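*Asks:* Okay, so here is data.csv, and as you'll see once you scroll down, it has CSV, C-alpha atoms.
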chain,number,residue,atom,x,y,z
A,92,MET,CA,302.9,150.0,180.7
A,93,SER,CA,304.7,150.7,177.5
A,94,LYS,CA,302.6,151.1,174.4
A,95,ARG,CA,303.3,151.1,170.7
A,96,ILE,CA,301.9,154.4,169.4
A,97,LEU,CA,301.1,156.0,166.0
A,98,VAL,CA,301.2,159.8,166.1
A,99,VAL,CA,299.0,161.6,163.6
A,100,ASP,CA,299.4,165.3,163.1
A,101,ASP,CA,300.0,167.5,160.1
A,102,SER,CA,302.4,169.8,161.9
A,103,SER,CA,305.9,168.5,162.3
A,104,MET,CA,306.4,170.7,165.4
A,105,MET,CA,303.4,169.1,167.1
A,106,ARG,CA,304.5,165.6,166.2
A,107,LYS,CA,307.9,166.4,167.8
A,108,MET,CA,306.2,167.7,170.9
A,109,ILE,CA,303.9,164.7,171.2
A,110,VAL,CA,306.8,162.3,170.8
A,111,LYS,CA,308.7,164.2,173.5
A,112,ILE,CA,305.8,163.8,175.9
A,113,LEU,CA,305.3,160.1,175.1
A,114,ASN,CA,308.9,158.9,175.2
A,115,PRO,CA,309.9,159.6,178.8
A,116,PRO,CA,307.3,157.2,180.4
A,117,GLY,CA,308.6,154.5,178.0
A,118,HIS,CA,306.0,154.5,175.2
A,119,ILE,CA,307.4,153.8,171.8
A,120,VAL,CA,306.3,155.9,168.8
A,121,ILE,CA,306.3,153.4,166.0
A,122,GLY,CA,305.1,155.7,163.3
A,123,GLN,CA,304.1,159.3,162.4
A,124,ALA,CA,301.4,160.2,159.9
A,125,LYS,CA,300.9,163.6,158.3
A,126,SER,CA,297.3,163.1,157.1
A,127,GLY,CA,294.2,161.1,157.6
A,128,GLU,CA,294.9,158.9,154.6
A,129,GLU,CA,298.4,158.2,155.8
A,130,ALA,CA,297.0,157.4,159.3
A,131,VAL,CA,294.6,154.7,157.9
A,132,GLU,CA,297.3,153.2,155.8
A,133,MET,CA,299.9,153.2,158.6
A,134,TYR,CA,297.4,151.8,161.1
A,135,GLN,CA,296.9,148.7,158.9
A,136,GLU,CA,300.6,148.3,158.3
A,137,LEU,CA,301.8,148.9,161.9
A,138,LYS,CA,298.9,147.7,164.0
A,139,PRO,CA,299.8,150.1,166.9
A,140,ASP,CA,298.3,149.7,170.4
A,141,LEU,CA,297.2,153.3,170.3
A,142,VAL,CA,296.7,156.3,168.0
A,143,THR,CA,297.0,160.0,168.9
A,144,MET,CA,294.9,161.9,166.3
A,145,ASP,CA,294.8,165.5,165.3
A,146,ILE,CA,291.5,166.8,163.9
A,147,THR,CA,292.2,169.7,161.6
A,148,MET,CA,294.3,168.3,158.8
A,149,ARG,CA,294.4,169.0,155.1
A,150,GLY,CA,292.9,166.2,153.1
A,151,MET,CA,291.2,163.6,155.3
A,152,ASP,CA,290.5,165.1,158.7
A,153,GLY,CA,291.1,163.3,162.0
A,154,LEU,CA,287.4,162.5,162.7
A,155,THR,CA,287.0,160.8,159.3
A,156,ALA,CA,290.3,158.9,159.7
A,157,ALA,CA,289.3,157.7,163.2
A,158,LYS,CA,286.0,156.4,161.8
A,159,GLU,CA,287.8,154.5,159.1
A,160,ILE,CA,290.2,153.0,161.5
A,161,LEU,CA,287.4,152.0,163.9
A,162,ASN,CA,285.7,150.4,160.9
A,163,LEU,CA,288.8,148.4,160.2
A,164,ASP,CA,289.4,147.5,163.8
A,165,ALA,CA,286.6,148.0,166.3
A,166,ASN,CA,289.2,147.7,169.1
A,167,ALA,CA,291.4,150.5,167.9
A,168,GLN,CA,292.4,152.8,170.8
A,169,ILE,CA,292.3,156.4,169.5
A,170,ILE,CA,293.0,159.5,171.6
A,171,PHE,CA,292.2,162.9,169.9
A,172,LEU,CA,294.8,165.6,170.5
A,173,SER,CA,293.7,168.9,169.0
A,174,ASN,CA,293.6,172.6,169.4
A,175,LEU,CA,289.8,172.6,169.0
A,176,ASN,CA,287.5,173.2,171.9
A,177,GLU,CA,287.3,170.1,174.2
A,178,ASP,CA,283.7,170.7,175.3
A,179,LYS,CA,282.5,170.8,171.8
A,180,TYR,CA,284.1,167.6,170.6
A,181,GLN,CA,284.4,165.4,173.7
A,182,ASN,CA,281.0,163.9,173.3
A,183,GLU,CA,281.3,163.3,169.6
A,184,VAL,CA,284.6,161.5,169.8
A,185,GLU,CA,283.4,159.4,172.7
A,186,GLU,CA,280.3,158.4,170.9
A,187,MET,CA,282.4,157.4,167.9
A,188,GLY,CA,284.3,155.0,170.1
A,189,ALA,CA,287.5,156.9,170.7
A,190,VAL,CA,289.2,156.8,174.1
A,191,GLY,CA,289.0,160.5,174.7
A,192,PHE,CA,289.9,164.1,173.7
A,193,VAL,CA,292.7,166.2,175.0
A,194,ASN,CA,293.5,169.8,174.1
A,195,LYS,CA,297.0,170.3,172.9
A,196,TYR,CA,297.9,172.9,175.4
A,197,LYS,CA,297.6,170.3,178.1
A,198,ALA,CA,298.9,167.4,175.9
A,199,ALA,CA,300.7,165.8,178.9
A,200,GLU,CA,297.2,164.6,180.1
A,201,ILE,CA,297.3,162.0,177.4
A,202,LEU,CA,299.6,160.1,179.6
A,203,ASP,CA,296.8,159.8,182.3
A,204,LEU,CA,294.4,158.6,179.6
A,205,ILE,CA,296.9,156.1,178.3
A,206,ASP,CA,297.4,154.7,181.8
A,207,GLY,CA,293.6,154.5,182.2
A,208,ILE,CA,293.2,152.2,179.2
B,158,MET,CA,319.1,171.8,135.1
B,159,GLU,CA,319.4,175.2,136.6
B,160,ASN,CA,316.4,175.0,138.9
B,161,THR,CA,317.7,171.9,140.6
B,162,ALA,CA,320.9,173.7,141.2
B,163,LEU,CA,319.1,176.8,142.5
B,164,PHE,CA,317.0,174.9,144.9
B,165,SER,CA,319.1,172.0,145.9
B,166,PRO,CA,319.5,173.1,149.5
B,167,GLN,CA,315.8,172.5,149.7
B,168,GLY,CA,316.6,168.8,149.6
B,169,ASN,CA,318.0,169.0,153.1
B,170,ILE,CA,315.0,170.6,154.7
B,171,GLY,CA,312.2,168.4,153.4
B,172,PRO,CA,309.5,167.4,155.8
B,173,SER,CA,311.3,164.1,156.4
B,174,GLY,CA,314.5,165.9,157.0
B,175,LYS,CA,316.5,163.3,155.1
B,176,LYS,CA,319.2,164.0,152.6
B,177,GLU,CA,317.9,161.5,150.1
B,178,ARG,CA,315.1,164.0,149.6
B,179,PHE,CA,317.4,165.8,147.1
B,180,TRP,CA,317.6,162.8,144.9
B,181,GLU,CA,313.9,162.2,145.0
B,182,ILE,CA,313.4,165.8,143.8
B,183,SER,CA,316.0,165.8,141.1
B,184,SER,CA,315.1,162.4,139.7
B,185,GLY,CA,311.4,163.0,139.8
B,186,LEU,CA,311.6,166.6,138.7
B,187,HIS,CA,313.1,166.6,135.3
B,188,LYS,CA,312.6,163.2,133.8
B,189,LYS,CA,310.1,164.5,131.3
B,190,THR,CA,311.7,167.9,130.9
B,191,LEU,CA,315.1,166.3,130.3
B,192,ILE,CA,313.8,163.9,127.7
B,193,PHE,CA,312.0,166.8,126.0
B,194,PHE,CA,315.2,168.9,125.9
B,195,ALA,CA,317.3,166.0,124.8
B,196,LEU,CA,314.9,165.6,121.8
B,197,LEU,CA,315.0,169.3,121.1
B,198,ILE,CA,318.8,169.4,121.1
B,199,LEU,CA,318.9,166.3,118.9
B,200,LEU,CA,316.5,167.9,116.5
B,201,ALA,CA,318.6,171.1,116.5
B,202,SER,CA,321.8,169.3,115.8
B,203,VAL,CA,320.3,167.2,113.1
B,204,LEU,CA,319.0,170.3,111.4
B,205,SER,CA,322.3,172.1,111.7
B,206,GLY,CA,324.1,168.9,110.6
B,207,VAL,CA,321.9,168.7,107.5
B,208,ALA,CA,322.4,172.4,106.8
B,209,ILE,CA,326.2,172.1,107.1
B,210,TYR,CA,326.2,169.0,105.0
B,211,HIS,CA,324.3,170.8,102.2
B,212,HIS,CA,326.6,173.8,102.5
B,213,ASN,CA,329.7,171.6,102.1
B,214,LYS,CA,328.2,169.7,99.2
B,215,GLY,CA,327.3,172.9,97.5
B,216,GLU,CA,330.7,174.2,98.0
B,217,ALA,CA,332.4,171.1,96.7
B,218,ALA,CA,330.2,171.2,93.6
B,219,LEU,CA,331.1,174.8,93.1
B,220,ASN,CA,334.7,174.0,93.5
B,221,THR,CA,334.5,171.3,90.7
B,222,ILE,CA,332.7,173.8,88.5
B,223,ALA,CA,335.5,176.2,89.2
B,224,ALA,CA,338.1,173.5,88.4
B,225,MET,CA,336.3,172.7,85.2
B,226,ASN,CA,336.2,176.3,84.2
B,227,GLU,CA,339.9,176.7,85.0
B,228,GLY,CA,340.6,176.9,81.3
B,229,GLU,CA,338.6,179.9,80.8
B,230,ASN,CA,339.4,181.5,84.2
B,231,THR,CA,337.6,184.7,83.4
B,232,PRO,CA,336.9,187.2,86.2
B,233,ALA,CA,333.1,186.8,85.3
B,234,ALA,CA,333.2,183.0,85.9
B,235,GLN,CA,335.0,183.4,89.2
B,236,ARG,CA,332.6,186.0,90.4
B,237,GLU,CA,329.7,183.7,89.6
B,238,VAL,CA,331.3,180.8,91.6
B,239,GLU,CA,331.8,183.2,94.6
B,240,ALA,CA,328.3,184.4,94.4
B,241,ARG,CA,326.9,180.9,94.4
B,242,LYS,CA,329.1,179.9,97.3
B,243,HIS,CA,327.8,182.9,99.2
B,244,VAL,CA,324.2,182.0,98.5
B,245,GLY,CA,324.8,178.4,99.8
B,246,LEU,CA,326.3,179.7,103.0
B,247,GLU,CA,323.5,182.1,103.5
B,248,ASP,CA,320.9,179.3,103.1
B,249,SER,CA,322.5,177.1,105.7
B,250,LEU,CA,323.0,180.0,108.1
B,251,THR,CA,319.3,180.8,107.8
B,252,ILE,CA,318.3,177.2,108.6
B,253,MET,CA,320.6,177.0,111.6
B,254,THR,CA,319.4,180.3,112.9
B,255,VAL,CA,315.8,179.2,112.5
B,256,ALA,CA,316.5,176.0,114.3
B,257,LEU,CA,318.3,177.7,117.2
B,258,VAL,CA,315.7,180.4,117.6
B,259,SER,CA,312.8,177.9,117.6
B,260,VAL,CA,314.6,175.8,120.3
B,261,LEU,CA,315.2,178.9,122.3
B,262,ILE,CA,311.6,180.0,122.0
B,263,ILE,CA,310.3,176.6,123.1
B,264,PHE,CA,312.9,176.6,126.0
B,265,MET,CA,311.7,180.1,127.0
B,266,PHE,CA,308.1,179.0,126.9
B,267,PHE,CA,308.9,176.0,129.1
B,268,PHE,CA,311.0,178.1,131.5
B,269,ILE,CA,308.3,180.7,131.9
B,270,ARG,CA,305.4,178.2,132.4
B,271,ASN,CA,307.3,175.8,134.7
B,272,ILE,CA,309.5,178.1,136.7
B,273,ILE,CA,308.7,181.8,136.4
B,274,GLN,CA,304.9,181.5,136.8
B,275,PRO,CA,304.9,179.2,139.8
B,276,LEU,CA,307.7,181.2,141.3
B,277,SER,CA,305.8,184.5,141.1
B,278,LYS,CA,302.7,182.8,142.5
B,279,LEU,CA,304.8,181.5,145.3
B,280,GLN,CA,306.3,184.9,145.9
B,281,GLU,CA,302.8,186.4,146.1
B,282,MET,CA,301.6,183.8,148.5
B,283,THR,CA,304.6,183.9,150.8
B,284,ARG,CA,304.4,187.7,151.0
B,285,GLU,CA,300.8,187.5,152.2
B,286,MET,CA,301.7,184.7,154.6
B,287,ALA,CA,304.5,186.7,156.1
B,288,ASP,CA,301.9,189.4,156.7
B,289,GLY,CA,299.9,186.9,158.8
B,290,ARG,CA,297.5,185.2,156.3
B,291,LEU,CA,298.0,181.6,157.5
B,292,ASP,CA,294.8,180.5,155.8
B,293,LEU,CA,296.5,180.7,152.4
B,294,LEU,CA,298.0,177.5,151.2
B,295,VAL,CA,300.4,177.2,148.3
B,296,GLN,CA,298.4,175.1,145.9
B,297,ASP,CA,298.7,173.4,142.6
B,298,SER,CA,302.4,174.1,142.6
B,299,LYS,CA,303.1,170.4,142.6
B,300,THR,CA,301.9,169.9,139.1
B,301,ALA,CA,303.9,172.9,137.9
B,302,SER,CA,307.3,171.7,138.8
B,303,CYS,CA,308.4,169.3,141.5
B,304,SER,CA,311.1,171.4,143.2
B,305,ILE,CA,308.9,174.5,143.3
B,306,GLY,CA,306.1,172.3,144.5
B,307,THR,CA,308.3,171.1,147.3
B,308,ILE,CA,309.1,174.7,148.3
B,309,GLY,CA,305.3,175.3,148.3
B,310,GLU,CA,304.8,172.3,150.5
B,311,ASN,CA,307.4,173.4,152.9
B,312,VAL,CA,305.9,176.9,153.1
B,313,ASN,CA,302.6,175.2,153.9
B,314,SER,CA,304.3,173.2,156.7
B,315,LEU,CA,305.8,176.4,158.1
B,316,ALA,CA,302.4,178.1,158.1
B,317,MET,CA,300.8,175.1,159.7
B,318,ASN,CA,303.4,174.9,162.4
B,319,LEU,CA,303.0,178.6,163.1
B,320,GLN,CA,299.2,178.1,163.3
B,321,GLU,CA,299.5,175.2,165.7
B,322,VAL,CA,301.8,177.2,168.0
B,323,LEU,CA,299.5,180.2,167.9
B,324,LEU,CA,296.4,178.1,168.6
B,325,LEU,CA,298.3,176.5,171.5
B,326,VAL,CA,299.2,179.8,172.9
B,327,TRP,CA,295.6,181.0,172.5
B,328,ASN,CA,294.1,178.0,174.2
B,329,LEU,CA,296.6,178.1,177.0
B,330,SER,CA,296.0,181.8,177.6
B,331,GLU,CA,292.2,181.3,177.5
B,332,HIS,CA,292.3,178.5,180.0
B,333,ASN,CA,294.6,180.3,182.4
B,334,LEU,CA,292.8,183.6,182.0
B,335,GLY,CA,289.7,181.8,183.3
B,336,THR,CA,291.6,180.6,186.3
B,337,VAL,CA,293.1,184.0,187.0
B,338,ASP,CA,289.7,185.7,186.6
B,339,GLN,CA,288.1,183.3,189.2
B,340,THR,CA,290.9,184.0,191.7
B,341,LEU,CA,290.6,187.7,191.2
B,342,LYS,CA,286.9,187.6,191.7
B,343,ALA,CA,287.2,185.6,194.8
B,344,LEU,CA,289.9,188.0,196.1
B,345,GLU,CA,287.7,191.0,195.4
B,346,GLY,CA,284.7,189.4,197.2
B,347,ASP,CA,285.4,188.1,200.7
B,348,GLY,CA,289.0,187.6,200.1
B,349,LYS,CA,288.9,184.0,201.2
B,350,ILE,CA,290.1,181.3,198.9
B,351,PRO,CA,291.1,177.9,200.0
B,352,ARG,CA,294.9,177.7,200.0
B,353,GLU,CA,294.6,174.3,198.4
B,354,GLN,CA,292.8,175.7,195.4
B,355,ILE,CA,295.3,178.4,194.9
B,356,ARG,CA,298.0,175.8,195.0
B,357,SER,CA,296.4,173.6,192.5
B,358,ASP,CA,295.6,176.5,190.2
B,359,LEU,CA,299.1,177.7,190.3
B,360,GLN,CA,300.5,174.2,189.7
B,361,SER,CA,298.4,173.7,186.6
B,362,LEU,CA,299.5,177.2,185.4
B,363,LYS,CA,303.1,176.2,186.0
B,364,ALA,CA,302.7,172.9,184.1
B,365,GLU,CA,301.2,174.6,181.1
B,366,LEU,CA,303.8,177.4,181.0
B,367,GLN,CA,306.5,174.8,181.2
B,368,GLN,CA,304.9,173.1,178.2
B,369,MET,CA,305.0,176.3,176.3
B,370,GLN,CA,308.7,176.6,177.0
B,371,ASN,CA,309.3,173.0,175.9
B,372,LEU,CA,307.5,173.8,172.7
B,373,THR,CA,309.6,176.9,172.1
B,374,GLN,CA,312.8,174.9,172.7
B,375,GLN,CA,312.0,172.7,169.8
B,376,PHE,CA,312.8,175.5,167.4
B,377,GLU,CA,316.3,176.6,166.4
B,378,LEU,CA,316.2,180.3,166.9
B,379,PHE,CA,318.0,183.0,165.0
B,380,ASP,CA,320.7,184.6,167.0
B,381,VAL,CA,319.2,183.5,170.3
B,382,THR,CA,319.7,180.4,172.4
B,383,LEU,CA,317.4,179.2,175.2
B,384,ASP,CA,320.0,178.3,177.8
B,385,GLY,CA,318.3,176.8,180.8
B,386,LYS,CA,316.0,179.5,182.0
B,387,LYS,CA,317.4,182.4,180.0
B,388,ALA,CA,317.1,183.6,176.4
B,389,LEU,CA,320.6,184.6,175.4
B,390,ALA,CA,322.1,186.1,172.3
B,391,LYS,CA,324.2,183.4,170.6
B,392,GLU,CA,327.5,185.4,170.8
B,393,GLU,CA,327.3,185.7,174.5
B,394,THR,CA,326.9,182.0,175.1
B,395,THR,CA,329.8,181.2,172.8
B,396,LYS,CA,332.0,183.8,174.7
B,397,SER,CA,331.4,182.4,178.1
As structure tokens, how would this structure be written, given the file I've shared?

*Replies:*
Amino acid sequence: MSKRILVVDDSSMMRKMIVKILNPPGHIVIGQAKSGEEAVEMYQELKPDLVTMDITMRGMDGLTAAKEILNLDANAQIIFLSNLNEDKYQNEVEEMGAVGFVNKYKAAEILDLIDGI
Amino acid sequence: MENTALFSPQGNIGPSGKKERFWEISSGLHKKTLIFFALLILLASVLSGVAIYHHNKGEAALNTIAAMNEGENTPAAQREVEARKHVGLEDSLTIMTVALVSVLIIFMFFFIRNIIQPLSKLQEMTREMADGRLDLLVQDSKTASCSIGTIGENVNSLAMNLQEVLLLVWNLSEHNLGTVDQTLKALEGDGKIPREQIRSDLQSLKAELQQMQNLTQQFELFDVTLDGKKALAKEETTKS
């Protein structure tokens, strides 16, 4: 099922890569944010079905931004996509109410997570 | 202004990759500086205008004196008129020079503070970044001058992209080293590994390696094209 997705990542290369993964199965990337602040702002504006969220970003990091988005909309669907260690953050993000955590080197796994929603 | 001209190509490589970026920079950049310099130039022209006016008036007055003294056109009287003319000219020249020099000094001050200093900072940072210090971010450059600030931002993006790619390579290697280690250990032991497991391990390795290739293909490379499965020098591909 096609979803409207907001991609949050401070690296333009990574945003491109994520878009390239999301587009073929028919998902639509409706916005790209470069920082946590931008992500919160764009979430309110665009009301996406799903957010992919980087963790290490300058300014507001992904964890804080996800918390803010979940405060605004408890039903927000957030998937973390980061280079940080999965085992270390998986629990934290799930407790927070996010859908899951995927390491960037196997970013294609987000498609399975999205299908599982 | 010269720095816009110098860095205008920057407008095409902004993070948004849009051409309008150039206008954003040039309009935002110099509004204040432009107003400031316009005022300075106005001041300088008013000062020199006043100086020239005084000089002309003085000369005219001297000419009338000379006309009045025409009757007794002694060499002494003429010399006096010439001397007074000379003094008037010197005065206005001094005023003009002072005005010009002060404008120049203020200009230099601005130039050094807004362009030279941030540029040398940027130079220092980029040199260290080129040597592998990706933890350095070009900071505070935004306040110094917008176009130099934008260059700083772009250098930061470059460093961030490089860092992301490096981390990805590291994570991927780490994950697959684990798999390879397991397989090696099993081979060294009894040598029996389920075929299925080897197949699934290799398949995940393949998927991840393909992803690395995809990522690499997102870059435009210098003198090299990634044509299908081969990395080729650009000339060769254009020849064939």

*Asks:* To one decimal in Å, tell me the separation between CA of Glu129 in chain A and CA of Asp203 in chain A.

*Replies:*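 Calculated distance between CA of Glu129 in chain A and CA of Asp203 in chain A is 26.6 Å.
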
*Asks:* Could the residues of chain B that have an atom at most 6 Å from chain A be listed as CSV, each with its closest atom pair and the distance in Å to one decimal, counting all atoms listed in the file and ordered by chain and ascending residue number?

*Replies:*
residue,atom,partner,partner_atom,distance
B:Met317,CA,A:Ser102,CA,6.0
B:Asn318,CA,A:Ser102,CA,5.2
B:Leu325,CA,A:Tyr196,CA,5.3
B:Leu329,CA,A:Tyr196,CA,5.6

*Asks:* Write out as JSON, numbers by chain which residues come within 9 Å of Met92 in chain A when counting all atoms listed in the file, dropping same-chain ones fewer than 3 positions away.

*Replies:* {"A": [116, 117, 118, 205, 206]}

*Asks:* What is the distance, in Å and to one decimal place, between CA of Ser202 in chain B and CA of Thr251 in chain B?

*Replies:* 14.2 Å

*Asks:* Give me the residues near Leu197 in chain B as a PyMOL selection string, where near means some atom within 12 Å (using all atoms listed in the file) and where sequence neighbours in that chain fewer than 6 positions away do not count.

*Replies:* chain B and resi 190-191+203-204+256-264

*Asks:* Keeping only C-alpha atoms, write the selected residues to a file as a PDB file, in the coordinates of the input.

*Replies:*
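Okay, again-v8.pdb is ready:
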ATOM      1  CA  THR B 190     311.700 167.900 130.900  1.00  0.00           C
ATOM      2  CA  LEU B 191     315.100 166.300 130.300  1.00  0.00           C
ATOM      3  CA  VAL B 203     320.300 167.200 113.100  1.00  0.00           C
ATOM      4  CA  LEU B 204     319.000 170.300 111.400  1.00  0.00           C
ATOM      5  CA  ALA B 256     316.500 176.000 114.300  1.00  0.00           C
ATOM      6  CA  LEU B 257     318.300 177.700 117.200  1.00  0.00           C
ATOM      7  CA  VAL B 258     315.700 180.400 117.600  1.00  0.00           C
ATOM      8  CA  SER B 259     312.800 177.900 117.600  1.00  0.00           C
ATOM      9  CA  VAL B 260     314.600 175.800 120.300  1.00  0.00           C
ATOM     10  CA  LEU B 261     315.200 178.900 122.300  1.00  0.00           C
ATOM     11  CA  ILE B 262     311.600 180.000 122.000  1.00  0.00           C
ATOM     12  CA  ILE B 263     310.300 176.600 123.100  1.00  0.00           C
ATOM     13  CA  PHE B 264     312.900 176.600 126.000  1.00  0.00           C
TER      14      PHE B 264
END

*Asks:* What's the 8 Å shell around Phe192 in chain A, counting all atoms listed in the file, without same-chain residues fewer than 2 positions away, as a PyMOL selection string?

*Replies:* chain A and resi 170-173+177+180-181+184+190+194

*Asks:* Which polymer residues, whether protein, DNA or RNA, lie within 9 Å of the coordinate (293.2, 162.3, 153.7) when you count all atoms listed in the file? List them as an NGL selection string, using the chain letters and numbers from the file.

*Replies:* :A and (126-131 or 148-153 or 155-156)

*Asks:* Report as a list of chain:residue names all protein, DNA and RNA residues lying within 12 Å of Leu163 in chain A, evaluated on only C-alpha atoms, omitting residues in the same chain fewer than 3 positions from it.

*Replies:*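 With the cut-off at 12 Å, the set is A:Val131, A:Glu132, A:Tyr134, A:Gln135, A:Glu136, A:Lys138, A:Ala156, A:Ala157, A:Lys158, A:Glu159, A:Ile160, A:Asn166, A:Ala167.
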
*Asks:* When distances are computed from all atoms listed in the file, which of B:Arg241, B:Phe194, B:Thr340, B:Gln375 shows the smallest separation from Met265 in chain B?

*Replies:* B:Phe194

*Asks:* In Å to one decimal, how far is CA of Ile192 in chain B from CA of Pro275 in chain B?

*Replies:*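 Computed distance, CA of Pro275 in chain B to CA of Ile192 in chain B, equals 21.4 Å.
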
*Asks:* I need the residue nearest Val312 in chain B from this list: B:Val295, B:Leu341, B:Ala233, B:Leu324. Use all atoms listed in the file for the distance.

*Replies:* B:Val295

*Asks:* Between A:Glu186, A:Asp140, A:Asp145, A:Glu200, which is the closest to Ile119 in chain A once you count all atoms listed in the file?

*Replies:*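 Smallest separation from Ile119 in chain A among the options: A:Asp140.
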
*Asks:* Could you tell me which of B:Gln280, B:Asn328, B:Gln296, B:Asn313 comes closest to Val193 in chain A if we count only C-alpha atoms?

*Replies:*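 Residue with the minimum atom-to-atom distance to Val193 in chain A: B:Asn328.
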
*Asks:* Name all residues at most 8 Å from Gly122 in chain A (count all atoms listed in the file; drop same-chain ones fewer than 3 positions away) and give them as a PyMOL selection string.

*Replies:* chain A and resi 96-98+133+137
